[in-house]
Amino acid sequence: MPSLKTFRLRIRSVQSTQKITKAMKMVAAAKLRRAQDQAIAARPYAEAMDNMMASLAGSFTGGTGPRLLVGTGADQVHLLIVATADRGLCGGFNSTIVREARRMIRELQGQGKTVKILCVGKKGRDQLRRDYDRLVVDTIADLGKPRLSFGDSRKVASRVMEMYAAGEFDVATVVFNRFKSAMTQIVTRQQLIPPPLRARVRPRSRPAARSMNSSRTRPRSSTNCCRATSPSRSTACCWRTRRASTARR
């Protein structure tokens with residue numbers, strides 16, 4: 001049977017492990033909070049940029065305009081930008097993105113299109129390499145250390161623009177997880193080049209102003225009293241009746 005000293009050493013070891021685990025939880029919570037704040041703060045700018053690019057693309061007609069906005073006039077070669085993390089142990093965050101990328105690859109290949117893959121993050125590269133190794137053209141990793149910045153996005157944008165200027169693809173689409181909460185993300189496809197056209201929304205016509213003598217004003221009549229409008233009219237006594245009875249007395 002173990003001695004008392006053995007139990008004491010075991011208890012101290014477990015307590016030390018608990019302290020280390022608690023510190024790791026606090027660090028992870030701080031990192032998650034910082035990433036969440038960044039995602040929420042950048043969302044209005046991203047949505048405004050999407051609307052602006054769609055509006056600019058819709059202003060050009062007949063296929064005339066910058067190639068970045070109107071495209072090359074073809075959709076035979078598709079570049080798929082798969083944005084995942086560099087590390088695992090984050091539930092289904094990476095697997096849902098890769099699953100959606102596989103589905104899109106099968107759809108495009110079924111239509112006879114040529115697909116190229118640009119992996120942003122090591123996990124997407126590791127999972128897609130098993131079946132589509134020949135389609136992966138490049139991998140950009142180690143982004144967002146210690147914090148995501150404009151320079152990180154410029155690395156990805158520069159590589160995509162370099163390929164587009166060389167005529168290596170016609171359409172570029174990014175697959176990523178849109179942040180909803182710490183436990184829920186929405187896998188999303190978003191076409192970047194050329195930006196998708198959106199229908200213009202007509203402004204709603206304002207209703208005509210009503211005149212002061214319209215039917216909106218309540219007519220003055222003897223029947224229009226609190227008994228007709230009160231929710232407890234079955235038991236309430238009308239103030240006009242009460243005033244008339246008081247005057248008789």
# chains A, B, ... in the order shown; residues from 1 in each chain; ligands from 1
>>> closest_atom_pairs(of="stretch 144-202 of chain A", to="stretch 106-121 of chain A", cutoff="10 Å", atoms="only C-alpha atoms", output="CSV")
residue,atom,partner,partner_atom,distance
A:Val156,CA,A:Val120,CA,7.8
A:Arg159,CA,A:Leu118,CA,9.2
A:Val160,CA,A:Leu118,CA,8.6
A:Glu168,CA,A:Lys116,CA,9.0
A:Phe169,CA,A:Lys116,CA,8.0
A:Asp170,CA,A:Thr114,CA,9.9
A:Val171,CA,A:Val115,CA,9.8
A:Ala172,CA,A:Lys116,CA,9.4
A:Thr173,CA,A:Ile117,CA,9.9
A:Val174,CA,A:Leu118,CA,9.2
A:Phe176,CA,A:Val120,CA,9.9
>>> write_last_selection(atoms="N, CA and C atoms", output="tab-separated table (two decimals), in the first residue's frame")
chain	number	residue	atom	x	y	z
A	156	VAL	N	-0.76	37.71	-49.49
A	156	VAL	CA	-1.71	36.91	-50.26
A	156	VAL	C	-2.16	37.66	-51.51
A	159	ARG	N	0.51	37.74	-54.28
A	159	ARG	CA	0.64	36.46	-55.00
A	159	ARG	C	-0.53	36.24	-55.96
A	160	VAL	N	-1.75	36.59	-55.54
A	160	VAL	CA	-2.91	36.44	-56.41
A	160	VAL	C	-2.81	37.38	-57.61
A	168	GLU	N	-2.76	33.30	-65.39
A	168	GLU	CA	-2.80	31.92	-64.93
A	168	GLU	C	-4.20	31.48	-64.51
A	169	PHE	N	-5.15	32.40	-64.35
A	169	PHE	CA	-6.52	32.02	-64.01
A	169	PHE	C	-7.47	33.10	-64.49
A	170	ASP	N	-8.75	32.75	-64.53
A	170	ASP	CA	-9.80	33.67	-64.96
A	170	ASP	C	-10.68	34.13	-63.80
A	171	VAL	N	-10.95	33.23	-62.88
A	171	VAL	CA	-11.84	33.52	-61.75
A	171	VAL	C	-11.15	33.08	-60.48
A	172	ALA	N	-11.21	33.94	-59.44
A	172	ALA	CA	-10.62	33.63	-58.14
A	172	ALA	C	-11.72	33.64	-57.08
A	173	THR	N	-11.75	32.57	-56.28
A	173	THR	CA	-12.74	32.44	-55.22
A	173	THR	C	-12.04	32.01	-53.94
A	174	VAL	N	-12.40	32.62	-52.84
A	174	VAL	CA	-11.82	32.29	-51.54
A	174	VAL	C	-12.85	31.51	-50.73
A	176	PHE	N	-13.53	30.32	-46.83
A	176	PHE	CA	-13.09	30.64	-45.48
A	176	PHE	C	-14.25	30.47	-44.52
>>> residues_around(residues="A:Gln36", least_positions_apart="6", cutoff="9 Å", atoms="only C-alpha atoms", output="list in words")
Phe179, Ser181 and Ala182 of chain A
>>> write_last_selection(atoms="N, CA and C atoms", output="short mmCIF file (atom, residue, chain, number, x, y, z; two decimals), in the first residue's frame")
data_model
loop_
_atom_site.label_atom_id
_atom_site.label_comp_id
_atom_site.auth_asym_id
_atom_site.auth_seq_id
_atom_site.Cartn_x
_atom_site.Cartn_y
_atom_site.Cartn_z
N PHE A 179 -16.80 34.42 -39.17
CA PHE A 179 -16.96 34.35 -37.71
C PHE A 179 -18.38 34.72 -37.30
N SER A 181 -19.52 33.21 -33.78
CA SER A 181 -19.24 33.20 -32.35
C SER A 181 -18.03 32.32 -32.12
N ALA A 182 -17.61 32.22 -30.87
CA ALA A 182 -16.44 31.41 -30.56
C ALA A 182 -16.67 29.93 -30.86
#
>>> select_by_dssp(residues="stretch 95-209 of chain A", states="alpha helix (DSSP H)", output="NGL selection string")
:A and (95-110 or 122-132 or 150-165)
>>> write_last_selection(atoms="N, CA and C atoms", output="tab-separated table (two decimals), in the first residue's frame")
chain	number	residue	atom	x	y	z
A	95	SER	N	-11.52	21.44	-40.97
A	95	SER	CA	-12.15	20.38	-41.76
A	95	SER	C	-13.36	20.87	-42.54
A	96	THR	N	-14.14	21.81	-41.98
A	96	THR	CA	-15.30	22.31	-42.72
A	96	THR	C	-14.88	23.12	-43.94
A	97	ILE	N	-13.78	23.87	-43.82
A	97	ILE	CA	-13.28	24.63	-44.97
A	97	ILE	C	-12.79	23.70	-46.06
A	98	VAL	N	-12.02	22.70	-45.67
A	98	VAL	CA	-11.49	21.75	-46.65
A	98	VAL	C	-12.61	20.95	-47.29
A	99	ARG	N	-13.62	20.60	-46.52
A	99	ARG	CA	-14.75	19.86	-47.08
A	99	ARG	C	-15.48	20.70	-48.14
A	100	GLU	N	-15.68	21.97	-47.86
A	100	GLU	CA	-16.32	22.85	-48.84
A	100	GLU	C	-15.43	23.04	-50.06
A	101	ALA	N	-14.12	23.11	-49.87
A	101	ALA	CA	-13.20	23.24	-51.00
A	101	ALA	C	-13.25	21.99	-51.88
A	102	ARG	N	-13.29	20.82	-51.27
A	102	ARG	CA	-13.40	19.58	-52.06
A	102	ARG	C	-14.69	19.55	-52.86
A	103	ARG	N	-15.77	20.00	-52.23
A	103	ARG	CA	-17.05	20.01	-52.94
A	103	ARG	C	-17.00	20.95	-54.13
A	104	MET	N	-16.39	22.10	-53.96
A	104	MET	CA	-16.29	23.06	-55.07
A	104	MET	C	-15.38	22.55	-56.17
A	105	ILE	N	-14.30	21.86	-55.80
A	105	ILE	CA	-13.40	21.30	-56.81
A	105	ILE	C	-14.14	20.27	-57.66
A	106	ARG	N	-14.91	19.42	-57.01
A	106	ARG	CA	-15.66	18.40	-57.76
A	106	ARG	C	-16.69	19.05	-58.68
A	107	GLU	N	-17.35	20.11	-58.20
A	107	GLU	CA	-18.34	20.79	-59.05
A	107	GLU	C	-17.68	21.40	-60.29
A	108	LEU	N	-16.56	22.08	-60.10
A	108	LEU	CA	-15.89	22.72	-61.23
A	108	LEU	C	-15.31	21.70	-62.20
A	109	GLN	N	-14.72	20.65	-61.68
A	109	GLN	CA	-14.19	19.62	-62.57
A	109	GLN	C	-15.30	18.89	-63.29
A	110	GLY	N	-16.45	18.75	-62.66
A	110	GLY	CA	-17.59	18.16	-63.35
A	110	GLY	C	-18.09	19.00	-64.50
A	122	LYS	N	-1.30	26.00	-43.23
A	122	LYS	CA	-0.70	24.68	-43.43
A	122	LYS	C	-1.72	23.56	-43.39
A	123	LYS	N	-2.78	23.70	-42.61
A	123	LYS	CA	-3.74	22.61	-42.47
A	123	LYS	C	-4.50	22.35	-43.77
A	124	GLY	N	-4.83	23.41	-44.48
A	124	GLY	CA	-5.48	23.21	-45.78
A	124	GLY	C	-4.57	22.50	-46.76
A	125	ARG	N	-3.30	22.86	-46.77
A	125	ARG	CA	-2.34	22.21	-47.65
A	125	ARG	C	-2.18	20.74	-47.29
A	126	ASP	N	-2.07	20.43	-46.00
A	126	ASP	CA	-1.86	19.04	-45.59
A	126	ASP	C	-3.04	18.15	-45.95
A	127	GLN	N	-4.25	18.65	-45.85
A	127	GLN	CA	-5.42	17.83	-46.13
A	127	GLN	C	-5.72	17.73	-47.62
A	128	LEU	N	-5.51	18.80	-48.37
A	128	LEU	CA	-5.79	18.76	-49.80
A	128	LEU	C	-4.69	18.07	-50.58
A	129	ARG	N	-3.51	17.98	-50.02
A	129	ARG	CA	-2.40	17.35	-50.74
A	129	ARG	C	-2.64	15.87	-50.96
A	130	ARG	N	-3.44	15.24	-50.15
A	130	ARG	CA	-3.67	13.81	-50.29
A	130	ARG	C	-4.34	13.46	-51.62
A	131	ASP	N	-5.31	14.28	-52.02
A	131	ASP	CA	-6.06	13.97	-53.24
A	131	ASP	C	-5.78	14.94	-54.38
A	132	TYR	N	-5.37	16.17	-54.07
A	132	TYR	CA	-5.21	17.19	-55.12
A	132	TYR	C	-3.83	17.82	-55.04
A	150	PHE	N	-1.87	44.33	-41.97
A	150	PHE	CA	-2.05	44.59	-43.40
A	150	PHE	C	-0.97	43.91	-44.22
A	151	GLY	N	0.23	43.78	-43.66
A	151	GLY	CA	1.31	43.11	-44.39
A	151	GLY	C	0.99	41.65	-44.70
A	152	ASP	N	0.24	40.99	-43.80
A	152	ASP	CA	-0.14	39.59	-44.06
A	152	ASP	C	-1.09	39.49	-45.23
A	153	SER	N	-2.08	40.36	-45.25
A	153	SER	CA	-3.02	40.33	-46.38
A	153	SER	C	-2.34	40.74	-47.68
A	154	ARG	N	-1.35	41.60	-47.59
A	154	ARG	CA	-0.64	42.02	-48.80
A	154	ARG	C	0.15	40.86	-49.41
A	155	LYS	N	0.67	39.95	-48.58
A	155	LYS	CA	1.36	38.79	-49.11
A	155	LYS	C	0.45	37.94	-49.98
A	156	VAL	N	-0.76	37.71	-49.49
A	156	VAL	CA	-1.71	36.91	-50.26
A	156	VAL	C	-2.16	37.66	-51.51
A	157	ALA	N	-2.47	38.96	-51.35
A	157	ALA	CA	-2.95	39.74	-52.49
A	157	ALA	C	-1.87	39.86	-53.57
A	158	SER	N	-0.63	40.03	-53.17
A	158	SER	CA	0.45	40.15	-54.15
A	158	SER	C	0.62	38.87	-54.95
A	159	ARG	N	0.51	37.74	-54.28
A	159	ARG	CA	0.64	36.46	-55.00
A	159	ARG	C	-0.53	36.24	-55.96
A	160	VAL	N	-1.75	36.59	-55.54
A	160	VAL	CA	-2.91	36.44	-56.41
A	160	VAL	C	-2.81	37.38	-57.61
A	161	MET	N	-2.42	38.62	-57.38
A	161	MET	CA	-2.30	39.58	-58.48
A	161	MET	C	-1.18	39.20	-59.44
A	162	GLU	N	-0.13	38.63	-58.93
A	162	GLU	CA	0.96	38.17	-59.79
A	162	GLU	C	0.48	37.07	-60.73
A	163	MET	N	-0.29	36.14	-60.19
A	163	MET	CA	-0.82	35.06	-61.03
A	163	MET	C	-1.84	35.59	-62.03
A	164	TYR	N	-2.65	36.56	-61.60
A	164	TYR	CA	-3.68	37.10	-62.50
A	164	TYR	C	-3.05	37.92	-63.63
A	165	ALA	N	-1.99	38.66	-63.31
A	165	ALA	CA	-1.32	39.44	-64.35
A	165	ALA	C	-0.64	38.53	-65.37
>>> closest_residue(among="A:Ile81, A:Leu197, A:Val27, A:Leu9", to="A:Phe60", atoms="only C-alpha atoms")
A:Leu197
>>> select_by_dssp(residues="stretch 112-141 of chain A", states="strand (DSSP E)", output="PyMOL selection string")
chain A and resi 114-120+136-140
>>> write_last_selection(atoms="C-alpha atoms", output="short mmCIF file (atom, residue, chain, number, x, y, z; two decimals), in the first residue's frame")
data_model
loop_
_atom_site.label_atom_id
_atom_site.label_comp_id
_atom_site.auth_asym_id
_atom_site.auth_seq_id
_atom_site.Cartn_x
_atom_site.Cartn_y
_atom_site.Cartn_z
CA THR A 114 -9.48 23.76 -64.72
CA VAL A 115 -8.87 24.23 -60.99
CA LYS A 116 -5.80 25.63 -59.22
CA ILE A 117 -5.44 25.80 -55.45
CA LEU A 118 -3.66 28.46 -53.39
CA CYS A 119 -3.47 27.37 -49.75
CA VAL A 120 -3.38 30.02 -47.02
CA VAL A 136 -1.80 23.05 -55.33
CA VAL A 137 0.28 25.84 -56.90
CA ASP A 138 1.54 27.57 -53.74
CA THR A 139 1.16 27.77 -49.95
CA ILE A 140 1.33 30.88 -47.77
#
>>> residues_around(residues="stretch 43-55 of chain A", least_positions_apart="2", cutoff="7 Å", atoms="only C-alpha atoms", output="ChimeraX atom specification")
/A:39-41,57-59,195-198
>>> write_last_selection(atoms="C-alpha atoms", output="PDB file, in the first residue's frame")
ATOM      1  CA  ALA A  39     -12.838  39.940 -36.699  1.00  0.00           C
ATOM      2  CA  ILE A  40     -15.748  42.042 -35.460  1.00  0.00           C
ATOM      3  CA  ALA A  41     -13.932  45.345 -35.995  1.00  0.00           C
ATOM      4  CA  ALA A  57     -17.879  46.447 -61.544  1.00  0.00           C
ATOM      5  CA  GLY A  58     -21.525  47.163 -62.341  1.00  0.00           C
ATOM      6  CA  SER A  59     -20.679  50.606 -63.743  1.00  0.00           C
ATOM      7  CA  PRO A 195     -16.270  40.841 -58.244  1.00  0.00           C
ATOM      8  CA  PRO A 196     -19.834  39.568 -58.677  1.00  0.00           C
ATOM      9  CA  LEU A 197     -22.382  42.024 -59.996  1.00  0.00           C
ATOM     10  CA  ARG A 198     -25.258  42.988 -57.750  1.00  0.00           C
TER      11      ARG A 198
END
>>> residues_around(residues="A:Val175", least_positions_apart="3", cutoff="6 Å", atoms="only C-alpha atoms", output="ChimeraX atom specification")
/A:82,188-189
>>> write_last_selection(atoms="C-alpha atoms", output="mmCIF file, in the first residue's frame")
data_model
loop_
_atom_site.group_PDB
_atom_site.id
_atom_site.type_symbol
_atom_site.label_atom_id
_atom_site.label_comp_id
_atom_site.auth_asym_id
_atom_site.auth_seq_id
_atom_site.Cartn_x
_atom_site.Cartn_y
_atom_site.Cartn_z
ATOM 1 C CA VAL A 82 -8.399 27.952 -49.268
ATOM 2 C CA THR A 188 -18.381 30.804 -46.992
ATOM 3 C CA ARG A 189 -17.492 31.023 -50.671
#
>>> closest_residue(among="A:Ala141, A:Ala166, A:Leu68, A:Leu4", to="A:Thr84", atoms="only C-alpha atoms")
A:Ala141
>>> closest_residue(among="A:Gly73, A:Gly91, A:Asp37, A:Arg8", to="A:Lys180", atoms="only C-alpha atoms")
A:Asp37
>>> atom_distance(atom1="atom CA of A:Thr184", atom2="atom CA of A:Ile20")
27.6 Å
>>> decode(residues="stretch 95-123 of chain A", atoms="N, CA and C atoms", output="PDB file, in the first residue's frame")
ATOM      1  N   SER A  95     -11.525  21.444 -40.970  1.00  0.00           N
ATOM      2  CA  SER A  95     -12.147  20.379 -41.764  1.00  0.00           C
ATOM      3  C   SER A  95     -13.361  20.865 -42.544  1.00  0.00           C
ATOM      4  N   THR A  96     -14.145  21.806 -41.979  1.00  0.00           N
ATOM      5  CA  THR A  96     -15.300  22.311 -42.717  1.00  0.00           C
ATOM      6  C   THR A  96     -14.877  23.117 -43.940  1.00  0.00           C
ATOM      7  N   ILE A  97     -13.779  23.867 -43.822  1.00  0.00           N
ATOM      8  CA  ILE A  97     -13.283  24.633 -44.968  1.00  0.00           C
ATOM      9  C   ILE A  97     -12.787  23.699 -46.060  1.00  0.00           C
ATOM     10  N   VAL A  98     -12.021  22.698 -45.666  1.00  0.00           N
ATOM     11  CA  VAL A  98     -11.486  21.752 -46.653  1.00  0.00           C
ATOM     12  C   VAL A  98     -12.613  20.954 -47.292  1.00  0.00           C
ATOM     13  N   ARG A  99     -13.620  20.599 -46.521  1.00  0.00           N
ATOM     14  CA  ARG A  99     -14.751  19.862 -47.075  1.00  0.00           C
ATOM     15  C   ARG A  99     -15.481  20.695 -48.136  1.00  0.00           C
ATOM     16  N   GLU A 100     -15.680  21.973 -47.864  1.00  0.00           N
ATOM     17  CA  GLU A 100     -16.318  22.849 -48.837  1.00  0.00           C
ATOM     18  C   GLU A 100     -15.431  23.041 -50.060  1.00  0.00           C
ATOM     19  N   ALA A 101     -14.123  23.111 -49.872  1.00  0.00           N
ATOM     20  CA  ALA A 101     -13.200  23.238 -51.004  1.00  0.00           C
ATOM     21  C   ALA A 101     -13.250  21.989 -51.877  1.00  0.00           C
ATOM     22  N   ARG A 102     -13.289  20.822 -51.270  1.00  0.00           N
ATOM     23  CA  ARG A 102     -13.398  19.583 -52.057  1.00  0.00           C
ATOM     24  C   ARG A 102     -14.686  19.552 -52.861  1.00  0.00           C
ATOM     25  N   ARG A 103     -15.765  19.996 -52.231  1.00  0.00           N
ATOM     26  CA  ARG A 103     -17.051  20.012 -52.936  1.00  0.00           C
ATOM     27  C   ARG A 103     -17.002  20.951 -54.132  1.00  0.00           C
ATOM     28  N   MET A 104     -16.393  22.096 -53.962  1.00  0.00           N
ATOM     29  CA  MET A 104     -16.293  23.056 -55.066  1.00  0.00           C
ATOM     30  C   MET A 104     -15.381  22.545 -56.170  1.00  0.00           C
ATOM     31  N   ILE A 105     -14.304  21.865 -55.801  1.00  0.00           N
ATOM     32  CA  ILE A 105     -13.402  21.305 -56.810  1.00  0.00           C
ATOM     33  C   ILE A 105     -14.136  20.269 -57.656  1.00  0.00           C
ATOM     34  N   ARG A 106     -14.908  19.416 -57.010  1.00  0.00           N
ATOM     35  CA  ARG A 106     -15.658  18.402 -57.762  1.00  0.00           C
ATOM     36  C   ARG A 106     -16.690  19.052 -58.682  1.00  0.00           C
ATOM     37  N   GLU A 107     -17.352  20.111 -58.203  1.00  0.00           N
ATOM     38  CA  GLU A 107     -18.337  20.789 -59.049  1.00  0.00           C
ATOM     39  C   GLU A 107     -17.682  21.399 -60.289  1.00  0.00           C
ATOM     40  N   LEU A 108     -16.560  22.077 -60.102  1.00  0.00           N
ATOM     41  CA  LEU A 108     -15.894  22.722 -61.231  1.00  0.00           C
ATOM     42  C   LEU A 108     -15.314  21.695 -62.204  1.00  0.00           C
ATOM     43  N   GLN A 109     -14.718  20.649 -61.680  1.00  0.00           N
ATOM     44  CA  GLN A 109     -14.189  19.625 -62.567  1.00  0.00           C
ATOM     45  C   GLN A 109     -15.298  18.889 -63.294  1.00  0.00           C
ATOM     46  N   GLY A 110     -16.449  18.753 -62.660  1.00  0.00           N
ATOM     47  CA  GLY A 110     -17.588  18.156 -63.348  1.00  0.00           C
ATOM     48  C   GLY A 110     -18.088  19.003 -64.499  1.00  0.00           C
ATOM     49  N   GLN A 111     -17.859  20.302 -64.432  1.00  0.00           N
ATOM     50  CA  GLN A 111     -18.241  21.207 -65.522  1.00  0.00           C
ATOM     51  C   GLN A 111     -17.141  21.362 -66.574  1.00  0.00           C
ATOM     52  N   GLY A 112     -16.046  20.631 -66.412  1.00  0.00           N
ATOM     53  CA  GLY A 112     -14.949  20.703 -67.361  1.00  0.00           C
ATOM     54  C   GLY A 112     -14.015  21.873 -67.151  1.00  0.00           C
ATOM     55  N   LYS A 113     -14.012  22.459 -65.955  1.00  0.00           N
ATOM     56  CA  LYS A 113     -13.151  23.600 -65.673  1.00  0.00           C
ATOM     57  C   LYS A 113     -11.797  23.134 -65.141  1.00  0.00           C
ATOM     58  N   THR A 114     -10.809  23.994 -65.272  1.00  0.00           N
ATOM     59  CA  THR A 114      -9.480  23.759 -64.716  1.00  0.00           C
ATOM     60  C   THR A 114      -9.378  24.447 -63.368  1.00  0.00           C
ATOM     61  N   VAL A 115      -8.906  23.726 -62.367  1.00  0.00           N
ATOM     62  CA  VAL A 115      -8.868  24.233 -60.995  1.00  0.00           C
ATOM     63  C   VAL A 115      -7.422  24.312 -60.524  1.00  0.00           C
ATOM     64  N   LYS A 116      -7.078  25.444 -59.894  1.00  0.00           N
ATOM     65  CA  LYS A 116      -5.802  25.627 -59.225  1.00  0.00           C
ATOM     66  C   LYS A 116      -6.073  26.038 -57.792  1.00  0.00           C
ATOM     67  N   ILE A 117      -5.208  25.586 -56.878  1.00  0.00           N
ATOM     68  CA  ILE A 117      -5.438  25.804 -55.453  1.00  0.00           C
ATOM     69  C   ILE A 117      -4.281  26.600 -54.874  1.00  0.00           C
ATOM     70  N   LEU A 118      -4.628  27.680 -54.166  1.00  0.00           N
ATOM     71  CA  LEU A 118      -3.663  28.463 -53.394  1.00  0.00           C
ATOM     72  C   LEU A 118      -4.035  28.316 -51.925  1.00  0.00           C
ATOM     73  N   CYS A 119      -3.182  27.654 -51.160  1.00  0.00           N
ATOM     74  CA  CYS A 119      -3.469  27.374 -49.752  1.00  0.00           C
ATOM     75  C   CYS A 119      -2.914  28.488 -48.879  1.00  0.00           C
ATOM     76  N   VAL A 120      -3.776  29.047 -48.040  1.00  0.00           N
ATOM     77  CA  VAL A 120      -3.376  30.020 -47.024  1.00  0.00           C
ATOM     78  C   VAL A 120      -3.527  29.311 -45.687  1.00  0.00           C
ATOM     79  N   GLY A 121      -2.418  28.804 -45.156  1.00  0.00           N
ATOM     80  CA  GLY A 121      -2.465  28.000 -43.942  1.00  0.00           C
ATOM     81  C   GLY A 121      -1.990  26.581 -44.211  1.00  0.00           C
ATOM     82  N   LYS A 122      -1.297  26.003 -43.232  1.00  0.00           N
ATOM     83  CA  LYS A 122      -0.696  24.681 -43.426  1.00  0.00           C
ATOM     84  C   LYS A 122      -1.719  23.558 -43.390  1.00  0.00           C
ATOM     85  N   LYS A 123      -2.777  23.702 -42.611  1.00  0.00           N
ATOM     86  CA  LYS A 123      -3.739  22.610 -42.471  1.00  0.00           C
ATOM     87  C   LYS A 123      -4.501  22.353 -43.771  1.00  0.00           C
TER      88      LYS A 123
END
